[in-house]
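Just coords.csv here, CSV, C-alpha atoms and all ligand atoms:
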```
chain,number,residue,atom,x,y,z
A,1,MET,CA,-67.4,-147.7,-85.0
A,2,THR,CA,-65.8,-145.3,-82.5
A,3,ALA,CA,-68.0,-143.1,-80.4
A,4,GLY,CA,-66.8,-140.1,-82.3
A,5,SER,CA,-67.7,-141.4,-85.7
A,6,ARG,CA,-71.1,-142.6,-84.3
A,7,PHE,CA,-71.8,-139.1,-83.1
A,8,LEU,CA,-70.6,-137.4,-86.2
A,9,ARG,CA,-72.4,-139.7,-88.6
A,10,ALA,CA,-75.7,-139.2,-86.7
A,11,CYS,CA,-75.2,-135.4,-87.0
A,12,LEU,CA,-75.0,-136.0,-90.8
A,13,ARG,CA,-78.0,-138.4,-90.8
A,14,GLN,CA,-75.8,-141.4,-91.8
A,15,PRO,CA,-76.6,-144.9,-90.4
A,16,VAL,CA,-75.0,-145.8,-87.1
A,17,ASP,CA,-74.6,-149.0,-85.0
A,18,ARG,CA,-76.5,-147.5,-82.1
A,19,THR,CA,-77.9,-144.1,-81.2
A,20,PRO,CA,-75.1,-141.8,-79.8
A,21,VAL,CA,-75.8,-140.1,-76.5
A,22,TRP,CA,-74.4,-137.1,-74.6
A,23,PHE,CA,-75.9,-134.6,-72.1
A,24,LEU,CA,-76.4,-130.9,-72.1
A,25,ARG,CA,-74.4,-129.6,-69.1
A,26,GLN,CA,-72.8,-133.0,-68.6
A,27,ALA,CA,-70.0,-131.3,-66.6
A,28,GLY,CA,-71.5,-129.2,-63.9
A,29,ARG,CA,-72.5,-128.8,-60.3
A,30,TYR,CA,-74.4,-132.1,-60.0
A,31,MET,CA,-71.0,-133.9,-60.4
A,32,PRO,CA,-68.8,-134.3,-57.3
A,33,GLU,CA,-65.6,-134.1,-59.4
A,34,TYR,CA,-66.7,-130.7,-60.7
A,35,GLN,CA,-67.6,-129.5,-57.3
A,36,ALA,CA,-64.1,-130.4,-56.1
A,37,VAL,CA,-62.5,-128.3,-58.8
A,38,ARG,CA,-65.1,-125.5,-58.2
A,39,ARG,CA,-64.1,-125.3,-54.5
A,40,HIS,CA,-60.7,-124.0,-55.5
A,41,HIS,CA,-61.6,-122.0,-58.6
A,42,SER,CA,-64.3,-119.7,-59.8
A,43,LEU,CA,-66.4,-120.6,-62.9
A,44,LEU,CA,-64.4,-118.1,-65.0
A,45,GLU,CA,-61.1,-119.3,-63.7
A,46,ILE,CA,-62.0,-122.8,-64.8
A,47,CYS,CA,-63.0,-121.5,-68.3
A,48,LYS,CA,-59.8,-119.5,-68.7
A,49,GLN,CA,-57.3,-122.1,-67.6
A,50,PRO,CA,-57.2,-124.6,-70.5
A,51,LYS,CA,-55.8,-127.3,-68.4
A,52,LEU,CA,-58.6,-127.1,-65.9
A,53,ALA,CA,-61.3,-126.6,-68.5
A,54,ALA,CA,-60.0,-129.7,-70.4
A,55,GLU,CA,-59.8,-131.7,-67.2
A,56,VAL,CA,-63.4,-130.9,-66.3
A,57,THR,CA,-64.6,-131.8,-69.8
A,58,ILE,CA,-62.7,-135.1,-70.0
A,59,THR,CA,-63.6,-136.2,-66.5
A,60,ALA,CA,-67.4,-135.8,-67.1
A,61,ALA,CA,-67.3,-137.5,-70.5
A,62,GLU,CA,-65.3,-140.5,-69.2
A,63,LYS,CA,-67.4,-140.9,-66.0
A,64,LEU,CA,-70.6,-140.9,-68.0
A,65,ASP,CA,-69.1,-143.0,-70.9
A,66,VAL,CA,-70.9,-140.8,-73.5
A,67,ASP,CA,-70.2,-140.5,-77.2
A,68,ALA,CA,-69.3,-136.8,-77.2
A,69,ALA,CA,-67.5,-134.3,-75.0
A,70,ILE,CA,-68.7,-130.7,-74.9
A,71,ILE,CA,-66.0,-128.2,-74.1
A,72,PHE,CA,-66.3,-126.6,-70.6
A,73,ALA,CA,-66.9,-122.9,-71.2
A,74,ASP,CA,-69.7,-120.4,-70.8
A,75,LEU,CA,-72.0,-118.7,-73.3
A,76,LEU,CA,-71.1,-115.2,-72.1
A,77,LEU,CA,-67.3,-115.4,-72.5
A,78,PRO,CA,-67.3,-113.5,-75.8
A,79,PHE,CA,-68.8,-110.4,-74.0
A,80,GLU,CA,-65.4,-109.7,-72.4
A,81,CYS,CA,-63.6,-109.3,-75.7
A,82,MET,CA,-66.4,-107.1,-76.9
A,83,GLY,CA,-65.8,-104.8,-74.0
A,84,LEU,CA,-68.7,-105.8,-71.7
A,85,ASP,CA,-67.9,-106.8,-68.1
A,86,PHE,CA,-70.0,-109.4,-66.3
A,87,GLU,CA,-69.8,-111.6,-63.3
A,88,PHE,CA,-71.6,-114.7,-62.0
A,89,GLN,CA,-73.3,-113.9,-58.7
A,90,ALA,CA,-74.1,-116.9,-56.5
A,91,GLY,CA,-77.6,-118.1,-57.0
A,92,GLU,CA,-78.4,-115.2,-59.4
A,93,GLY,CA,-76.8,-116.2,-62.6
A,94,PRO,CA,-74.8,-113.8,-64.8
A,95,VAL,CA,-74.9,-110.0,-64.2
A,96,ILE,CA,-73.8,-107.6,-66.9
A,97,HIS,CA,-72.8,-104.4,-65.1
A,98,LYS,CA,-73.6,-101.9,-67.9
A,99,PRO,CA,-76.3,-103.4,-70.2
A,100,VAL,CA,-76.3,-102.4,-73.8
A,101,ARG,CA,-79.3,-100.1,-74.5
A,102,THR,CA,-78.3,-97.2,-76.8
A,103,ALA,CA,-76.7,-96.6,-80.2
A,104,ASP,CA,-73.5,-95.5,-78.4
A,105,ASP,CA,-73.4,-98.7,-76.3
A,106,ILE,CA,-73.6,-100.7,-79.5
A,107,ALA,CA,-71.1,-98.6,-81.4
A,108,ARG,CA,-68.6,-99.2,-78.5
A,109,LEU,CA,-68.7,-103.0,-78.8
A,110,HIS,CA,-65.5,-104.4,-80.3
A,111,THR,CA,-65.6,-107.0,-83.0
A,112,ASP,CA,-61.9,-107.5,-83.7
A,113,ARG,CA,-60.7,-109.1,-80.5
A,114,ALA,CA,-62.0,-112.7,-80.7
A,115,ALA,CA,-58.4,-113.8,-80.5
A,116,GLU,CA,-58.6,-113.0,-76.8
A,117,LEU,CA,-60.9,-116.1,-76.5
A,118,GLY,CA,-58.0,-118.3,-77.6
A,119,TYR,CA,-58.0,-120.1,-74.2
A,120,VAL,CA,-61.2,-121.9,-75.3
A,121,ALA,CA,-59.5,-123.2,-78.4
A,122,GLU,CA,-56.5,-124.2,-76.3
A,123,ALA,CA,-58.8,-126.3,-74.0
A,124,ILE,CA,-60.3,-127.9,-77.1
A,125,ALA,CA,-56.9,-128.8,-78.4
A,126,ARG,CA,-56.1,-130.5,-75.1
A,127,VAL,CA,-59.4,-132.5,-75.1
A,128,ALA,CA,-58.7,-133.4,-78.8
A,129,ALA,CA,-55.2,-134.6,-77.9
A,130,HIS,CA,-56.6,-136.7,-75.1
A,131,PHE,CA,-59.5,-138.4,-77.0
A,132,LYS,CA,-58.0,-138.3,-80.5
A,133,ASP,CA,-60.9,-139.6,-82.7
A,134,ARG,CA,-62.4,-141.8,-80.0
A,135,LEU,CA,-65.1,-139.3,-78.9
A,136,GLY,CA,-66.9,-136.5,-80.7
A,137,ILE,CA,-65.7,-133.1,-79.6
A,138,ILE,CA,-68.3,-130.4,-79.4
A,139,GLY,CA,-67.4,-126.7,-79.3
A,140,PHE,CA,-70.1,-124.1,-78.8
A,141,CYS,CA,-71.2,-120.5,-78.8
A,142,GLY,CA,-74.4,-118.6,-78.1
A,143,ALA,CA,-76.8,-117.5,-80.9
A,144,PRO,CA,-77.2,-113.8,-81.7
A,145,PHE,CA,-80.7,-113.5,-80.1
A,146,THR,CA,-79.9,-115.2,-76.8
A,147,LEU,CA,-76.6,-113.3,-76.4
A,148,ALA,CA,-78.2,-110.0,-77.3
A,149,SER,CA,-80.9,-110.6,-74.7
A,150,TYR,CA,-78.2,-111.0,-72.0
A,151,MET,CA,-76.4,-107.9,-73.2
A,152,ILE,CA,-79.6,-105.8,-73.3
A,153,GLU,CA,-81.4,-107.1,-70.2
A,154,GLY,CA,-78.2,-107.2,-68.1
A,155,GLY,CA,-78.8,-110.8,-67.1
A,156,GLY,CA,-81.6,-113.5,-67.4
A,157,SER,CA,-85.1,-112.2,-68.1
A,158,ARG,CA,-88.7,-113.3,-67.9
A,159,ASN,CA,-90.4,-111.0,-70.4
A,160,TYR,CA,-87.5,-109.6,-72.5
A,161,VAL,CA,-89.0,-106.2,-72.4
A,162,HIS,CA,-85.8,-104.2,-73.1
A,163,THR,CA,-84.7,-106.7,-75.8
A,164,LYS,CA,-88.0,-106.6,-77.6
A,165,THR,CA,-88.4,-102.8,-77.2
A,166,LEU,CA,-85.0,-102.3,-79.0
A,167,MET,CA,-86.0,-104.9,-81.6
A,168,TYR,CA,-89.3,-103.3,-82.4
A,169,ARG,CA,-88.5,-99.6,-82.1
A,170,GLN,CA,-85.0,-99.5,-83.4
A,171,PRO,CA,-84.7,-102.4,-85.9
A,172,ASP,CA,-81.6,-100.9,-87.5
A,173,LEU,CA,-79.8,-100.8,-84.2
A,174,TRP,CA,-81.0,-104.3,-83.4
A,175,ARG,CA,-79.6,-105.5,-86.7
A,176,ARG,CA,-76.3,-103.7,-86.0
A,177,LEU,CA,-76.0,-105.4,-82.6
A,178,LEU,CA,-76.7,-108.8,-84.1
A,179,ASP,CA,-74.2,-108.3,-86.9
A,180,LYS,CA,-71.5,-107.4,-84.4
A,181,LEU,CA,-72.3,-110.5,-82.4
A,182,VAL,CA,-72.1,-112.6,-85.6
A,183,ALA,CA,-68.7,-111.1,-86.5
A,184,VAL,CA,-67.2,-112.2,-83.2
A,185,LEU,CA,-69.0,-115.6,-82.9
A,186,ARG,CA,-67.9,-116.7,-86.4
A,187,ASP,CA,-64.2,-116.1,-85.5
A,188,TYR,CA,-64.7,-117.7,-82.1
A,189,ALA,CA,-66.3,-120.8,-83.6
A,190,ARG,CA,-63.7,-121.0,-86.3
A,191,GLN,CA,-60.9,-121.0,-83.7
A,192,GLN,CA,-62.7,-123.9,-82.0
A,193,VAL,CA,-62.9,-125.9,-85.2
A,194,GLU,CA,-59.3,-125.3,-86.0
A,195,ALA,CA,-58.4,-126.5,-82.5
A,196,GLY,CA,-60.2,-129.8,-83.1
A,197,ALA,CA,-64.0,-129.4,-82.5
A,198,ASP,CA,-65.8,-131.9,-84.7
A,199,VAL,CA,-69.2,-130.1,-84.3
A,200,ILE,CA,-70.3,-126.7,-83.1
A,201,GLN,CA,-73.5,-126.3,-81.0
A,202,VAL,CA,-75.2,-122.9,-81.2
A,203,PHE,CA,-77.2,-122.2,-78.1
A,204,ASP,CA,-80.3,-120.1,-78.8
A,205,SER,CA,-81.6,-121.1,-75.4
A,206,TRP,CA,-84.3,-118.4,-75.1
A,207,ALA,CA,-85.5,-118.2,-78.7
A,208,GLY,CA,-88.7,-119.7,-77.4
A,209,ALA,CA,-89.6,-116.3,-76.0
A,210,LEU,CA,-90.3,-115.1,-79.6
A,211,SER,CA,-93.4,-115.5,-81.8
A,212,VAL,CA,-92.9,-117.1,-85.2
A,213,GLU,CA,-93.2,-113.8,-86.9
A,214,ASP,CA,-90.6,-112.0,-84.7
A,215,TYR,CA,-88.2,-114.9,-85.0
A,216,ARG,CA,-88.5,-114.8,-88.8
A,217,ASP,CA,-88.3,-111.0,-89.1
A,218,TYR,CA,-85.7,-110.2,-86.4
A,219,VAL,CA,-83.6,-113.3,-85.7
A,220,LEU,CA,-83.6,-115.8,-88.5
A,221,PRO,CA,-81.5,-113.9,-91.1
A,222,THR,CA,-78.5,-113.2,-88.8
A,223,THR,CA,-78.7,-116.7,-87.2
A,224,LYS,CA,-78.7,-118.2,-90.7
A,225,THR,CA,-75.6,-116.2,-91.6
A,226,LEU,CA,-73.8,-117.4,-88.4
A,227,ILE,CA,-74.7,-121.0,-89.0
A,228,ARG,CA,-73.7,-121.0,-92.7
A,229,ASP,CA,-70.3,-119.3,-91.7
A,230,ILE,CA,-69.6,-122.0,-89.1
A,231,GLN,CA,-70.5,-124.8,-91.6
A,232,ALA,CA,-68.1,-123.2,-94.1
A,233,ALA,CA,-65.4,-123.9,-91.5
A,234,GLY,CA,-66.1,-127.6,-92.3
A,235,VAL,CA,-68.2,-128.9,-89.4
A,236,PRO,CA,-71.9,-129.7,-88.8
A,237,VAL,CA,-73.9,-127.3,-86.6
A,238,ILE,CA,-76.4,-128.3,-83.9
A,239,TYR,CA,-78.9,-125.5,-83.2
A,240,PHE,CA,-80.6,-125.6,-79.9
A,241,GLY,CA,-83.4,-123.7,-78.1
A,242,VAL,CA,-86.0,-124.4,-75.5
A,243,ASP,CA,-89.8,-124.0,-75.9
A,244,THR,CA,-89.4,-124.0,-79.7
A,245,ALA,CA,-92.2,-126.3,-80.8
A,246,SER,CA,-93.8,-123.6,-83.0
A,247,LEU,CA,-90.4,-122.2,-84.2
A,248,LEU,CA,-89.0,-125.5,-85.5
A,249,PRO,CA,-89.8,-125.0,-89.1
A,250,SER,CA,-88.3,-121.6,-89.1
A,251,MET,CA,-85.2,-122.8,-87.1
A,252,ARG,CA,-84.7,-125.4,-89.8
A,253,GLN,CA,-84.4,-122.6,-92.4
A,254,THR,CA,-81.1,-121.6,-90.8
A,255,GLY,CA,-79.7,-124.7,-92.5
A,256,ALA,CA,-78.5,-126.2,-89.3
A,257,ASP,CA,-77.5,-129.9,-89.6
A,258,VAL,CA,-79.2,-130.9,-86.3
A,259,LEU,CA,-81.9,-129.2,-84.3
A,260,GLY,CA,-82.0,-129.7,-80.5
A,261,LEU,CA,-85.5,-130.4,-79.2
A,262,ASP,CA,-86.9,-129.8,-75.7
A,263,TRP,CA,-89.2,-132.3,-74.0
A,264,ARG,CA,-92.4,-130.3,-74.5
A,265,VAL,CA,-92.7,-131.6,-78.1
A,266,PRO,CA,-92.9,-135.4,-78.8
A,267,LEU,CA,-89.8,-136.2,-80.8
A,268,ASP,CA,-91.7,-138.0,-83.6
A,269,ALA,CA,-94.1,-135.1,-84.1
A,270,ALA,CA,-91.3,-132.6,-84.1
A,271,TRP,CA,-89.2,-134.6,-86.6
A,272,HIS,CA,-92.3,-135.0,-88.8
A,273,THR,CA,-92.8,-131.3,-88.8
A,274,LEU,CA,-89.3,-130.9,-90.0
A,275,ASP,CA,-89.9,-133.3,-92.9
A,276,TYR,CA,-87.0,-135.3,-91.5
A,277,ALA,CA,-84.8,-132.9,-93.4
A,278,CYS,CA,-82.3,-132.5,-90.6
A,279,ALA,CA,-81.1,-134.6,-87.7
A,280,VAL,CA,-82.6,-134.1,-84.2
A,281,GLN,CA,-81.1,-134.2,-80.7
A,282,GLY,CA,-83.0,-134.8,-77.5
A,283,ASN,CA,-85.3,-134.8,-75.8
A,284,LEU,CA,-85.7,-136.3,-72.3
A,285,ASP,CA,-86.9,-133.9,-69.6
A,286,PRO,CA,-83.9,-133.4,-67.4
A,287,ILE,CA,-86.0,-133.6,-64.3
A,288,THR,CA,-86.9,-137.2,-65.3
A,289,LEU,CA,-83.5,-137.9,-63.9
A,290,PHE,CA,-84.9,-137.5,-60.4
A,291,ALA,CA,-87.4,-140.4,-61.0
A,292,ASP,CA,-86.6,-144.1,-60.3
A,293,PRO,CA,-84.7,-146.1,-62.9
A,294,ASP,CA,-87.8,-147.9,-64.1
A,295,LEU,CA,-89.5,-144.8,-65.1
A,296,ILE,CA,-86.3,-143.4,-66.6
A,297,ARG,CA,-86.0,-146.5,-68.7
A,298,ARG,CA,-89.5,-146.2,-69.9
A,299,ARG,CA,-89.0,-142.6,-71.0
A,300,VAL,CA,-85.7,-143.4,-72.7
A,301,ARG,CA,-87.3,-146.2,-74.6
A,302,GLN,CA,-90.3,-144.0,-75.7
A,303,ILE,CA,-87.9,-141.5,-77.2
A,304,LEU,CA,-85.9,-144.2,-79.0
A,305,ASP,CA,-89.2,-145.7,-80.2
A,306,GLN,CA,-90.3,-142.4,-81.6
A,307,ALA,CA,-87.0,-141.9,-83.4
A,308,GLY,CA,-87.7,-145.4,-84.9
A,309,GLY,CA,-84.2,-146.2,-85.9
A,310,ARG,CA,-84.2,-143.5,-88.5
A,311,PRO,CA,-80.6,-142.2,-89.1
A,312,GLY,CA,-80.0,-138.8,-87.5
A,313,HIS,CA,-81.1,-139.0,-83.9
A,314,ILE,CA,-78.7,-138.1,-81.1
A,315,PHE,CA,-80.0,-138.9,-77.7
A,316,ASN,CA,-79.8,-136.1,-75.2
A,317,LEU,CA,-81.9,-134.2,-72.7
A,318,GLY,CA,-84.3,-131.4,-73.7
A,319,HIS,CA,-82.2,-129.0,-71.6
A,320,GLY,CA,-79.3,-129.1,-69.2
A,321,ILE,CA,-78.7,-131.3,-66.2
A,322,VAL,CA,-79.7,-129.4,-63.1
A,323,PRO,CA,-77.9,-129.3,-59.7
A,324,ASN,CA,-78.5,-132.3,-57.4
A,325,THR,CA,-79.3,-134.7,-60.2
A,326,PRO,CA,-78.2,-138.2,-59.1
A,327,VAL,CA,-75.2,-139.0,-61.2
A,328,GLU,CA,-76.1,-142.7,-61.3
A,329,ASN,CA,-79.3,-141.8,-63.1
A,330,VAL,CA,-77.4,-140.0,-65.8
A,331,GLN,CA,-75.3,-143.2,-66.1
A,332,HIS,CA,-78.4,-145.3,-66.3
A,333,VAL,CA,-79.6,-143.4,-69.3
A,334,VAL,CA,-76.4,-144.3,-71.2
A,335,LYS,CA,-76.9,-147.9,-70.2
A,336,PHE,CA,-80.6,-147.9,-71.3
A,337,VAL,CA,-79.7,-146.4,-74.7
A,338,ARG,CA,-77.2,-149.2,-75.2
A,339,GLU,CA,-79.5,-151.9,-73.9
A,340,TYR,CA,-82.2,-150.8,-76.4
A,341,ALA,CA,-79.7,-151.2,-79.3
A,342,ALA,CA,-78.6,-154.6,-78.1
A,343,GLU,CA,-82.2,-155.8,-78.0
A,344,LEU,CA,-82.8,-154.6,-81.5
A,345,ARG,CA,-79.8,-156.6,-82.7
A,346,HIS,CA,-81.2,-159.8,-81.1
A,347,ASP,CA,-84.7,-159.4,-82.6
A,401,LIG,O1,-70.8,-129.6,-69.6
A,401,LIG,C1,-71.4,-128.5,-69.9
A,401,LIG,O2,-72.3,-128.5,-70.8
A,401,LIG,C2,-71.1,-127.3,-69.2
A,401,LIG,C3,-70.6,-126.2,-70.0
A,401,LIG,C4,-71.5,-125.0,-70.0
A,401,LIG,C5,-71.6,-123.9,-69.0
A,401,LIG,N1,-72.4,-123.0,-69.5
A,401,LIG,C6,-70.9,-123.8,-67.8
A,401,LIG,C7,-71.6,-123.2,-66.6
A,401,LIG,C8,-72.4,-124.6,-71.1
A,401,LIG,C9,-72.7,-125.4,-72.3
A,401,LIG,C10,-72.9,-123.4,-70.7
A,401,LIG,C11,-73.8,-122.6,-71.6
A,401,LIG,C12,-74.7,-121.5,-71.1
A,401,LIG,N2,-74.3,-120.6,-70.2
A,401,LIG,C13,-76.0,-121.3,-71.5
A,401,LIG,C14,-76.8,-122.0,-72.5
A,401,LIG,C15,-77.0,-123.4,-72.0
A,401,LIG,C16,-78.4,-123.7,-71.8
A,401,LIG,O3,-78.6,-124.3,-70.7
A,401,LIG,O4,-79.3,-123.4,-72.6
A,401,LIG,C17,-76.4,-120.1,-70.8
A,401,LIG,C18,-77.8,-119.5,-70.9
A,401,LIG,C19,-75.3,-119.7,-70.0
A,401,LIG,C20,-75.3,-118.5,-69.1
A,401,LIG,C21,-75.2,-119.0,-67.7
A,401,LIG,N3,-74.0,-119.5,-67.2
A,401,LIG,C22,-76.2,-119.0,-66.7
A,401,LIG,C23,-77.6,-118.5,-67.0
A,401,LIG,C24,-75.6,-119.5,-65.6
A,401,LIG,C25,-76.2,-119.6,-64.2
A,401,LIG,C26,-77.0,-120.8,-64.1
A,401,LIG,C27,-77.1,-121.3,-62.7
A,401,LIG,O5,-77.8,-122.3,-62.6
A,401,LIG,O6,-76.6,-120.7,-61.8
A,401,LIG,C28,-74.2,-119.8,-65.9
A,401,LIG,C29,-73.3,-120.4,-65.0
A,401,LIG,C30,-72.7,-121.7,-65.4
A,401,LIG,N4,-72.1,-122.0,-66.6
A,401,LIG,C31,-72.5,-122.9,-64.6
A,401,LIG,C32,-71.8,-123.9,-65.3
A,401,LIG,C33,-71.4,-125.2,-65.0
A,401,LIG,C34,-73.0,-123.1,-63.2
A,401,LIG,C35,-72.4,-122.2,-62.2
A,401,LIG,C36,-71.1,-122.6,-61.5
A,401,LIG,O7,-70.5,-123.7,-61.7
A,401,LIG,O8,-70.7,-121.8,-60.7
```
Can you give me the file's structure in the form of structure tokens?
Amino acid sequence: MTAGSRFLRACLRQPVDRTPVWFLRQAGRYMPEYQAVRRHHSLLEICKQPKLAAEVTITAAEKLDVDAAIIFADLLLPFECMGLDFEFQAGEGPVIHKPVRTADDIARLHTDRAAELGYVAEAIARVAAHFKDRLGIIGFCGAPFTLASYMIEGGGSRNYVHTKTLMYRQPDLWRRLLDKLVAVLRDYARQQVEAGADVIQVFDSWAGALSVEDYRDYVLPTTKTLIRDIQAAGVPVIYFGVDTASLLPSMRQTGADVLGLDWRVPLDAAWHTLDYACAVQGNLDPITLFADPDLIRRRVRQILDQAGGRPGHIFNLGHGIVPNTPVENVQHVVKFVREYAAELRHD
């Protein structure tokens, strides 16, 4: 079984020879090879030069010996083709210069220029040409809520006051904004699939800021549309958010093939809540990677025990690898996942 088919089969809840593993943010600042590229290029330059984006993607996947490679890109890239400028300020994260707040702001957003994002598809084509069917290739995009929150707040946020104010007070405008995002994201995801992505991950990183009612009323319908549209392009969808324990049953209603779990919810309890009706991905706390290898091994085994060999588990972290994470500890996790499978075979 190739790593690629192992990963894809797990997404579809088919039996595999061992649990596939990859990491959120597996190419990033914790990795010296990425830092070396980053010294000469900005984040956006790397994203926009398919050769560089492909190189960073491939280097990380090979160094970690994981089952899937996630394309190096950023969640906010579609903003540019919608007419919103942004930049990454050192230590501050993304800054959107003119946040979207009014009906006019929303009316001005373009939805017909997703072709300008072709550089991401081109990078995927390069990664696909390199790995062929050996590794799973993951494309990604943001979910409507998480992207809308960046557009409206102008960057990261703690309380989402502007976002929720628009949502509550002007639900028609809110809906119009989300529909515009979906129109762009569906084209963008389709380009990635046509270029060779085997799976699309939809990042709803900050959905956990919503109550169950608000998620259902204001976010679920458009998110479901996006996920269905991506699936219609012929690939499984992984839907991921953080702090989502109470939202999981509603997130499942999107019809996503796989739900990403963070570490605050035990994997077995979460999967049970989902009636085992979809695959799950996760869910080691990324900060565990700062512990010693014995503790990491114990935590990896606990997660695999909780999955219980049931088809449809993809090992991952509960959120992205953070800067200064020791690379060898990430490699240890891959080793521990394999060790566990080897032991099961000998039992
Ligand atoms: O291998 C990989 O997974 C990396 C590819 C990747 C990046 N961004 C590159 C990047 C992915 C999957 C993303 C997604 C992304 N971008 C998300 C959702 C992911 C999640 O963790 O839930 C979000 C919220 C963004 C927006 C974004 N981009 C933020 C908030 C930041 C700043 C974070 C920080 O720590 O400074 C970025 C910058 C960014 N995107 C970096 C990388 C590797 C780090 C900055 C750099 O290299 O200069």
(message) For Ala107 of chain A, find every residue with an atom within 10 Å (counting only C-alpha atoms), except residues of its own chain fewer than 4 positions away, and show them as JSON, numbers by chain.
(response) {"A": [100, 102, 103, 173, 176, 177, 180]}
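Atom CA of Gln35 of chain A is found 21.2 Å from atom CA of Ile124 of chain A.
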Grab me every residue within 8 Å of ligand LIG 401 (chain A), counting only C-alpha atoms and all ligand atoms, and send it over as a PDB file with C-alpha atoms, in the coordinates of the input.
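Written output follows (result.pdb):
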```pdb
ATOM      1  CA  PHE A  23     -75.900-134.600 -72.100  1.00  0.00           C
ATOM      2  CA  LEU A  24     -76.400-130.900 -72.100  1.00  0.00           C
ATOM      3  CA  ARG A  25     -74.400-129.600 -69.100  1.00  0.00           C
ATOM      4  CA  GLN A  26     -72.800-133.000 -68.600  1.00  0.00           C
ATOM      5  CA  ALA A  27     -70.000-131.300 -66.600  1.00  0.00           C
ATOM      6  CA  GLY A  28     -71.500-129.200 -63.900  1.00  0.00           C
ATOM      7  CA  ARG A  29     -72.500-128.800 -60.300  1.00  0.00           C
ATOM      8  CA  GLN A  35     -67.600-129.500 -57.300  1.00  0.00           C
ATOM      9  CA  ARG A  38     -65.100-125.500 -58.200  1.00  0.00           C
ATOM     10  CA  SER A  42     -64.300-119.700 -59.800  1.00  0.00           C
ATOM     11  CA  LEU A  43     -66.400-120.600 -62.900  1.00  0.00           C
ATOM     12  CA  THR A  57     -64.600-131.800 -69.800  1.00  0.00           C
ATOM     13  CA  ALA A  60     -67.400-135.800 -67.100  1.00  0.00           C
ATOM     14  CA  ALA A  69     -67.500-134.300 -75.000  1.00  0.00           C
ATOM     15  CA  ILE A  70     -68.700-130.700 -74.900  1.00  0.00           C
ATOM     16  CA  ILE A  71     -66.000-128.200 -74.100  1.00  0.00           C
ATOM     17  CA  PHE A  72     -66.300-126.600 -70.600  1.00  0.00           C
ATOM     18  CA  ALA A  73     -66.900-122.900 -71.200  1.00  0.00           C
ATOM     19  CA  ASP A  74     -69.700-120.400 -70.800  1.00  0.00           C
ATOM     20  CA  LEU A  75     -72.000-118.700 -73.300  1.00  0.00           C
ATOM     21  CA  LEU A  76     -71.100-115.200 -72.100  1.00  0.00           C
ATOM     22  CA  PHE A  88     -71.600-114.700 -62.000  1.00  0.00           C
ATOM     23  CA  ALA A  90     -74.100-116.900 -56.500  1.00  0.00           C
ATOM     24  CA  GLY A  91     -77.600-118.100 -57.000  1.00  0.00           C
ATOM     25  CA  GLU A  92     -78.400-115.200 -59.400  1.00  0.00           C
ATOM     26  CA  GLY A  93     -76.800-116.200 -62.600  1.00  0.00           C
ATOM     27  CA  PRO A  94     -74.800-113.800 -64.800  1.00  0.00           C
ATOM     28  CA  PHE A 140     -70.100-124.100 -78.800  1.00  0.00           C
ATOM     29  CA  CYS A 141     -71.200-120.500 -78.800  1.00  0.00           C
ATOM     30  CA  GLY A 142     -74.400-118.600 -78.100  1.00  0.00           C
ATOM     31  CA  THR A 146     -79.900-115.200 -76.800  1.00  0.00           C
ATOM     32  CA  GLY A 155     -78.800-110.800 -67.100  1.00  0.00           C
ATOM     33  CA  GLY A 156     -81.600-113.500 -67.400  1.00  0.00           C
ATOM     34  CA  PHE A 203     -77.200-122.200 -78.100  1.00  0.00           C
ATOM     35  CA  ASP A 204     -80.300-120.100 -78.800  1.00  0.00           C
ATOM     36  CA  SER A 205     -81.600-121.100 -75.400  1.00  0.00           C
ATOM     37  CA  TRP A 206     -84.300-118.400 -75.100  1.00  0.00           C
ATOM     38  CA  PHE A 240     -80.600-125.600 -79.900  1.00  0.00           C
ATOM     39  CA  GLY A 241     -83.400-123.700 -78.100  1.00  0.00           C
ATOM     40  CA  VAL A 242     -86.000-124.400 -75.500  1.00  0.00           C
ATOM     41  CA  HIS A 319     -82.200-129.000 -71.600  1.00  0.00           C
ATOM     42  CA  GLY A 320     -79.300-129.100 -69.200  1.00  0.00           C
ATOM     43  CA  VAL A 322     -79.700-129.400 -63.100  1.00  0.00           C
ATOM     44  CA  PRO A 323     -77.900-129.300 -59.700  1.00  0.00           C
TER      45      PRO A 323
END
```
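Taking atom CA of Ile227 of chain A and atom CA of Gly255 of chain A as endpoints, the distance between them is 7.1 Å.
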(request) Could you tell me how far atom CA of Glu116 of chain A lies from atom CA of Lys132 of chain A, in Å and to one decimal? (result)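 The value is 25.6 Å.
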(request) Fewer than 3 positions away in the same chain doesn't count, so skip those; otherwise give me all residues within 8 Å of segment 161-164 of chain A, counting all atoms listed in the file, as a PyMOL selection string. (result) chain A and resi 101+148-149+152-153+167-168
List as a tab-separated table (two decimals) with C-alpha atoms, in the coordinates of the input: which residues have an atom within 10 Å of (-88.0, -137.7, -64.5), counting all atoms listed in the file?
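Final file, part-v2.tsv:
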```tsv
chain	number	residue	atom	x	y	z
A	284	LEU	CA	-85.70	-136.30	-72.30
A	285	ASP	CA	-86.90	-133.90	-69.60
A	286	PRO	CA	-83.90	-133.40	-67.40
A	287	ILE	CA	-86.00	-133.60	-64.30
A	288	THR	CA	-86.90	-137.20	-65.30
A	289	LEU	CA	-83.50	-137.90	-63.90
A	290	PHE	CA	-84.90	-137.50	-60.40
A	291	ALA	CA	-87.40	-140.40	-61.00
A	292	ASP	CA	-86.60	-144.10	-60.30
A	293	PRO	CA	-84.70	-146.10	-62.90
A	295	LEU	CA	-89.50	-144.80	-65.10
A	296	ILE	CA	-86.30	-143.40	-66.60
A	297	ARG	CA	-86.00	-146.50	-68.70
A	299	ARG	CA	-89.00	-142.60	-71.00
A	329	ASN	CA	-79.30	-141.80	-63.10
```
